[in-house]
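To start, the structure itself, in structure tokens.
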Protein chains: 2
Amino acid sequence: MFSKACEYGIKAMIFIAHESEGGNRVSLRDIAGAIDSPEAFTAKILQQLRKHRLLVSVKGNTGGFELGQRSSEIMLARIVEAIDGTKIFTGCGLGFAACSEDRPCPIHHKFKKVRDELQGMLETTSLHELSQGLEVGLTFLKQ
Amino acid sequence: MFSKACEYGIKAMIFIAHESEGGNRVSLRDIAGAIDSPEAFTAKILQQLRKHRLLVSVKGNTGGFELGQRSSEIMLARIVEAIDGTKIFTGCGLGFAACSEDRPCPIHHKFKKVRDELQGMLETTSLHELSQGLEVGLTFLKQ
DNA sequence: ACCTAATCGGACAAATTTGTCCGATTAGAC
DNA sequence: GTCTAATCGGACAAATTTGTCCGATTAGGT
């Protein structure tokens, strides 16, 4: 469904949101440790998120990452878009570039319904909401 | 969403269903031509589908492929399963192997809802239904 | 000034997915 | 029997995704 990079990206953003409720900056090492991801690979993904302004980074001795906006304003859809692009929201289920209402593939209408529900879910779920689940111990970022 | 192999597999099965309404056998060459797929790669995918009894193949001069069951009995879910496995139906949105109701990842509940709708769609959509759209010119296997 | 701990970026490596090639086998048509 | 057109299977190649390494830069602490 999502790429590995996107999975790491979502986990990282949730962790950063959770840790920086009090405005704390988080280091790459802490992030990779918290979400069990390869550090160098995670760094690449955080760079992508920074370029999309979802993160702010600070270099130097006490540097690290913070959210680029308030956690309640960052929706999952923005993270997925930044890493995997919009194909998951708009792409054809059978991979056609020009599949459309006018010239639909055989599964177009049925697939669109599911795709739209996925997009709706991602567009309405904020990091704030997800970090709260962590806070109260209802959900987990590690297994 | 689906792998390229799975996309080809679905297209191929819809085409075979459509062509063999009258019991006609279809050659690999015809299939790959009809769905614009690389012939040798498509052959591998058809072998997988045959091993899962979704197809029957006949070797020799007048050989080719036919459906292993009636088109109304073959649901999309069986094809996806045969090629991509069941991870798309049961897998965690963040990639955890042991994500569950007991120890859910942060997006577990919201993701499960979408995943279940996808599965429901695939479980209730038959090849017969899809080949009818082709027949009346409402849908297309090529662009 | 120097040390240290952090991000940044480019080049590289490994793994997976996608795609190709070719020889072996099969069976119908003549 | 021979020719031909088809599937079958294994080895290989290309492309993409995932992951690693390392040197450069940055800035705080002493």
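Each chain in the structure tokens gets a letter, A, B and so on, in the order shown; residues start at 1 in every chain, and ligands are counted from 1 in the order they appear.
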Contact residues (chain B, partner chain C, 10 Å, only C-alpha atoms (C1' of nucleotides)) as a PyMOL selection string:
chain B and resi 3-5+38-42+58-63
May I have the residues from that selection written out with N, CA and C atoms, as a PDB file, in the first residue's frame?
```
ATOM      1  N   SER B   3       0.796  -4.673  -7.294  1.00  0.00           N
ATOM      2  CA  SER B   3       2.054  -4.733  -8.030  1.00  0.00           C
ATOM      3  C   SER B   3       1.758  -4.730  -9.534  1.00  0.00           C
ATOM      4  N   LYS B   4       2.784  -4.399 -10.320  1.00  0.00           N
ATOM      5  CA  LYS B   4       2.644  -4.453 -11.778  1.00  0.00           C
ATOM      6  C   LYS B   4       2.184  -5.847 -12.202  1.00  0.00           C
ATOM      7  N   ALA B   5       2.792  -6.863 -11.609  1.00  0.00           N
ATOM      8  CA  ALA B   5       2.433  -8.246 -11.942  1.00  0.00           C
ATOM      9  C   ALA B   5       0.946  -8.477 -11.708  1.00  0.00           C
ATOM     10  N   PRO B  38       4.353  -7.074 -21.518  1.00  0.00           N
ATOM     11  CA  PRO B  38       5.482  -7.847 -22.039  1.00  0.00           C
ATOM     12  C   PRO B  38       5.166  -9.334 -22.003  1.00  0.00           C
ATOM     13  N   GLU B  39       5.375 -10.000 -23.141  1.00  0.00           N
ATOM     14  CA  GLU B  39       4.900 -11.371 -23.321  1.00  0.00           C
ATOM     15  C   GLU B  39       5.520 -12.340 -22.311  1.00  0.00           C
ATOM     16  N   ALA B  40       6.849 -12.301 -22.180  1.00  0.00           N
ATOM     17  CA  ALA B  40       7.509 -13.280 -21.317  1.00  0.00           C
ATOM     18  C   ALA B  40       7.141 -13.069 -19.846  1.00  0.00           C
ATOM     19  N   PHE B  41       7.037 -11.819 -19.476  1.00  0.00           N
ATOM     20  CA  PHE B  41       6.673 -11.510 -18.092  1.00  0.00           C
ATOM     21  C   PHE B  41       5.248 -11.974 -17.822  1.00  0.00           C
ATOM     22  N   THR B  42       4.381 -11.740 -18.784  1.00  0.00           N
ATOM     23  CA  THR B  42       3.003 -12.171 -18.654  1.00  0.00           C
ATOM     24  C   THR B  42       2.918 -13.688 -18.507  1.00  0.00           C
ATOM     25  N   VAL B  58      -3.209 -25.374 -21.965  1.00  0.00           N
ATOM     26  CA  VAL B  58      -3.041 -26.523 -22.849  1.00  0.00           C
ATOM     27  C   VAL B  58      -1.810 -26.274 -23.694  1.00  0.00           C
ATOM     28  N   LYS B  59      -0.898 -27.228 -23.699  1.00  0.00           N
ATOM     29  CA  LYS B  59       0.321 -27.075 -24.491  1.00  0.00           C
ATOM     30  C   LYS B  59       0.068 -27.526 -25.928  1.00  0.00           C
ATOM     31  N   GLY B  60       1.075 -27.318 -26.762  1.00  0.00           N
ATOM     32  CA  GLY B  60       0.988 -27.791 -28.133  1.00  0.00           C
ATOM     33  C   GLY B  60       0.416 -26.785 -29.100  1.00  0.00           C
ATOM     34  N   ASN B  61       0.368 -27.238 -30.319  1.00  0.00           N
ATOM     35  CA  ASN B  61       0.065 -26.391 -31.459  1.00  0.00           C
ATOM     36  C   ASN B  61      -1.163 -25.480 -31.289  1.00  0.00           C
ATOM     37  N   THR B  62      -2.230 -26.043 -30.821  1.00  0.00           N
ATOM     38  CA  THR B  62      -3.466 -25.253 -30.684  1.00  0.00           C
ATOM     39  C   THR B  62      -3.735 -24.900 -29.230  1.00  0.00           C
ATOM     40  N   GLY B  63      -2.655 -24.874 -28.454  1.00  0.00           N
ATOM     41  CA  GLY B  63      -2.797 -24.646 -27.020  1.00  0.00           C
ATOM     42  C   GLY B  63      -3.163 -23.225 -26.664  1.00  0.00           C
TER      43      GLY B  63
END
```
As a VMD selection string, could you give me every residue of chain D near chain B (at most 7 Å apart, counting only C-alpha atoms (C1' of nucleotides))?
chain D and resid 5 to 7
Writing out the chosen residues with N, CA and C atoms (P, O5', C5', C4', C3', O3' and C1' of nucleotides) as a CSV table (one decimal), in the first residue's frame:
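To be explicit, this is the file written out as result_39.csv:
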```csv
chain,number,residue,atom,x,y,z
D,5,DA,P,4.2,-21.5,-37.5
D,5,DA,O5',3.3,-21.4,-36.2
D,5,DA,C5',2.0,-22.0,-36.2
D,5,DA,C4',1.7,-22.4,-34.7
D,5,DA,C3',2.0,-21.2,-33.7
D,5,DA,O3',0.9,-21.1,-32.9
D,5,DA,C1',3.1,-23.1,-33.0
D,6,DA,P,0.7,-19.7,-32.1
D,6,DA,O5',0.8,-20.1,-30.5
D,6,DA,C5',-0.2,-20.8,-29.8
D,6,DA,C4',0.5,-21.8,-28.9
D,6,DA,C3',1.2,-21.3,-27.6
D,6,DA,O3',0.3,-20.9,-26.7
D,6,DA,C1',2.2,-23.3,-28.6
D,7,DT,P,0.8,-20.0,-25.4
D,7,DT,O5',1.3,-21.2,-24.4
D,7,DT,C5',0.3,-22.1,-23.9
D,7,DT,C4',1.0,-23.3,-23.2
D,7,DT,C3',1.6,-22.9,-21.8
D,7,DT,O3',1.4,-24.0,-20.9
D,7,DT,C1',3.4,-23.6,-23.2
```
Give the residues of chain A that lie within 10 Å of chain B; count only C-alpha atoms, and format the answer as JSON, numbers by chain.
{"A": [1, 2, 3, 4, 6, 7, 8, 9, 10, 11, 14, 76, 87, 88, 91, 92, 93, 94, 95, 96, 97, 98, 99, 101, 102, 103, 104, 105, 106, 107, 108, 110, 111, 113, 114, 115, 116, 117, 118, 119, 120, 121, 122, 125, 127, 129, 130, 131, 132, 133, 134, 137, 138, 139, 140, 141, 142, 143]}
Selection file, C-alpha atoms, as a PDB file, in the first residue's frame:
```
ATOM      1  CA  MET A   1       0.000   0.000   0.000  1.00  0.00           C
ATOM      2  CA  PHE A   2       2.478   2.625   1.221  1.00  0.00           C
ATOM      3  CA  SER A   3       6.174   2.354   0.382  1.00  0.00           C
ATOM      4  CA  LYS A   4       8.623   1.459   3.159  1.00  0.00           C
ATOM      5  CA  CYS A   6       6.374   6.335   3.523  1.00  0.00           C
ATOM      6  CA  GLU A   7       5.792   3.993   6.463  1.00  0.00           C
ATOM      7  CA  TYR A   8       8.970   5.272   8.112  1.00  0.00           C
ATOM      8  CA  GLY A   9       7.957   8.837   7.298  1.00  0.00           C
ATOM      9  CA  ILE A  10       4.562   8.486   8.956  1.00  0.00           C
ATOM     10  CA  LYS A  11       6.020   6.805  12.030  1.00  0.00           C
ATOM     11  CA  ILE A  14       3.973  10.773  14.693  1.00  0.00           C
ATOM     12  CA  LEU A  76      -1.526  12.194   7.049  1.00  0.00           C
ATOM     13  CA  LYS A  87      -0.734   8.413  -7.409  1.00  0.00           C
ATOM     14  CA  ILE A  88      -2.323   6.623  -4.494  1.00  0.00           C
ATOM     15  CA  GLY A  91      -4.011   6.616  -9.860  1.00  0.00           C
ATOM     16  CA  CYS A  92      -5.804   3.886 -11.802  1.00  0.00           C
ATOM     17  CA  GLY A  93      -6.125   0.516 -10.105  1.00  0.00           C
ATOM     18  CA  LEU A  94      -4.792  -1.214 -13.196  1.00  0.00           C
ATOM     19  CA  GLY A  95      -1.991   1.291 -13.777  1.00  0.00           C
ATOM     20  CA  PHE A  96      -3.377   3.157 -16.785  1.00  0.00           C
ATOM     21  CA  ALA A  97      -2.096   6.715 -17.067  1.00  0.00           C
ATOM     22  CA  ALA A  98      -5.202   7.970 -18.834  1.00  0.00           C
ATOM     23  CA  CYS A  99      -7.958   6.041 -17.073  1.00  0.00           C
ATOM     24  CA  GLU A 101     -14.648   8.641 -16.248  1.00  0.00           C
ATOM     25  CA  ASP A 102     -14.750   9.003 -20.024  1.00  0.00           C
ATOM     26  CA  ARG A 103     -12.622   5.966 -20.730  1.00  0.00           C
ATOM     27  CA  PRO A 104     -12.579   3.880 -17.568  1.00  0.00           C
ATOM     28  CA  CYS A 105     -10.735   0.641 -16.969  1.00  0.00           C
ATOM     29  CA  PRO A 106     -12.889  -2.344 -15.971  1.00  0.00           C
ATOM     30  CA  ILE A 107     -12.495  -1.725 -12.242  1.00  0.00           C
ATOM     31  CA  HIS A 108     -12.512   2.071 -12.361  1.00  0.00           C
ATOM     32  CA  LYS A 110     -15.394   0.251  -7.839  1.00  0.00           C
ATOM     33  CA  PHE A 111     -11.771   1.113  -7.270  1.00  0.00           C
ATOM     34  CA  LYS A 113     -14.829   4.345  -4.278  1.00  0.00           C
ATOM     35  CA  VAL A 114     -12.169   2.642  -2.151  1.00  0.00           C
ATOM     36  CA  ARG A 115      -9.467   5.083  -3.202  1.00  0.00           C
ATOM     37  CA  ASP A 116     -11.647   8.030  -2.263  1.00  0.00           C
ATOM     38  CA  GLU A 117     -12.345   6.569   1.151  1.00  0.00           C
ATOM     39  CA  LEU A 118      -8.606   6.105   1.696  1.00  0.00           C
ATOM     40  CA  GLN A 119      -7.978   9.700   0.673  1.00  0.00           C
ATOM     41  CA  GLY A 120     -10.771  10.916   2.928  1.00  0.00           C
ATOM     42  CA  MET A 121      -9.277   9.064   5.854  1.00  0.00           C
ATOM     43  CA  LEU A 122      -5.803  10.486   5.236  1.00  0.00           C
ATOM     44  CA  THR A 125      -6.455  12.379  10.254  1.00  0.00           C
ATOM     45  CA  LEU A 127      -0.746  14.043  13.698  1.00  0.00           C
ATOM     46  CA  GLU A 129      -4.912  12.914  16.946  1.00  0.00           C
ATOM     47  CA  LEU A 130      -2.431  10.096  16.377  1.00  0.00           C
ATOM     48  CA  SER A 131       0.106  11.276  18.937  1.00  0.00           C
ATOM     49  CA  GLN A 132      -2.630  11.284  21.565  1.00  0.00           C
ATOM     50  CA  GLY A 133      -3.151   7.571  21.129  1.00  0.00           C
ATOM     51  CA  LEU A 134       0.527   7.070  21.877  1.00  0.00           C
ATOM     52  CA  GLY A 137      -0.714   4.067  25.719  1.00  0.00           C
ATOM     53  CA  LEU A 138      -3.480   2.931  23.415  1.00  0.00           C
ATOM     54  CA  THR A 139      -1.259   2.621  20.330  1.00  0.00           C
ATOM     55  CA  PHE A 140       2.369   1.764  19.622  1.00  0.00           C
ATOM     56  CA  LEU A 141       5.210   2.769  17.309  1.00  0.00           C
ATOM     57  CA  LYS A 142       7.228  -0.377  17.942  1.00  0.00           C
ATOM     58  CA  GLN A 143       6.540  -4.065  18.280  1.00  0.00           C
TER      59      GLN A 143
END
```
Apply DSSP to the backbone of this structure and, from region 2-129 of chain B, keep only the residues in helix (DSSP H, G or I); write these as a PyMOL selection string.
chain B and resi 4-22+28-35+39-51+76-84+87-90+108-124+127-129
Please, could you write that set of residues out with C-alpha atoms as a compact mmCIF listing (two decimals), in the first residue's frame?
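Contents of the output file result12.txt:
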```txt
# COMPACT_ATOMS: atom_id res chain seq x y z
CA LYS B 4 2.64 -4.45 -11.78
CA ALA B 5 2.43 -8.25 -11.94
CA CYS B 6 -0.96 -8.13 -10.28
CA GLU B 7 -2.22 -5.42 -12.63
CA TYR B 8 -1.20 -7.56 -15.60
CA GLY B 9 -2.78 -10.59 -13.97
CA ILE B 10 -6.12 -8.88 -13.46
CA LYS B 11 -6.16 -7.49 -17.00
CA ALA B 12 -5.22 -10.88 -18.43
CA MET B 13 -7.96 -12.67 -16.49
CA ILE B 14 -10.58 -10.15 -17.59
CA PHE B 15 -9.48 -10.56 -21.19
CA ILE B 16 -9.51 -14.35 -21.01
CA ALA B 17 -12.93 -14.24 -19.37
CA HIS B 18 -14.20 -11.99 -22.11
CA GLU B 19 -12.74 -14.04 -24.97
CA SER B 20 -13.78 -17.39 -23.57
CA GLU B 21 -17.44 -16.60 -22.99
CA GLY B 22 -17.91 -18.93 -25.96
CA LEU B 28 -0.25 -15.91 -24.62
CA ARG B 29 0.48 -13.78 -27.65
CA ASP B 30 -3.15 -12.69 -27.94
CA ILE B 31 -3.35 -11.92 -24.23
CA ALA B 32 -0.17 -9.84 -24.15
CA GLY B 33 -1.31 -8.05 -27.29
CA ALA B 34 -4.73 -7.28 -25.86
CA ILE B 35 -3.51 -5.89 -22.56
CA GLU B 39 4.90 -11.37 -23.32
CA ALA B 40 7.51 -13.28 -21.32
CA PHE B 41 6.67 -11.51 -18.09
CA THR B 42 3.00 -12.17 -18.65
CA ALA B 43 3.79 -15.85 -19.15
CA LYS B 44 5.26 -16.03 -15.64
CA ILE B 45 2.15 -14.45 -14.18
CA LEU B 46 -0.16 -16.83 -16.05
CA GLN B 47 1.85 -19.72 -14.61
CA GLN B 48 1.16 -18.45 -11.10
CA LEU B 49 -2.52 -18.18 -11.86
CA ARG B 50 -2.50 -21.70 -13.29
CA LYS B 51 -0.85 -23.06 -10.13
CA LEU B 76 -10.92 -10.40 -8.06
CA ALA B 77 -9.74 -11.23 -4.56
CA ARG B 78 -8.58 -14.68 -5.73
CA ILE B 79 -6.41 -13.15 -8.44
CA VAL B 80 -4.86 -10.55 -6.14
CA GLU B 81 -4.21 -13.23 -3.52
CA ALA B 82 -2.55 -15.53 -6.05
CA ILE B 83 -0.11 -12.84 -7.15
CA ASP B 84 0.37 -10.33 -4.33
CA LYS B 87 -0.88 -8.80 2.91
CA ILE B 88 -3.08 -6.24 1.21
CA PHE B 89 -6.11 -7.64 3.05
CA THR B 90 -4.59 -8.22 6.46
CA HIS B 108 -4.69 0.67 12.88
CA HIS B 109 -8.41 1.31 13.29
CA LYS B 110 -8.76 3.91 10.58
CA PHE B 111 -6.66 1.88 8.16
CA LYS B 112 -8.52 -1.34 8.86
CA LYS B 113 -11.76 0.30 7.79
CA VAL B 114 -10.37 1.17 4.38
CA ARG B 115 -8.61 -2.16 4.00
CA ASP B 116 -11.81 -4.02 4.78
CA GLU B 117 -13.72 -2.03 2.21
CA LEU B 118 -11.08 -2.87 -0.39
CA GLN B 119 -11.30 -6.54 0.50
CA GLY B 120 -15.09 -6.42 0.37
CA MET B 121 -14.95 -4.90 -3.09
CA LEU B 122 -12.50 -7.51 -4.37
CA GLU B 123 -14.40 -10.40 -2.77
CA THR B 124 -17.68 -9.41 -4.44
CA LEU B 127 -14.71 -11.64 -13.74
CA HIS B 128 -18.09 -12.15 -15.37
CA GLU B 129 -19.25 -8.77 -14.20
```
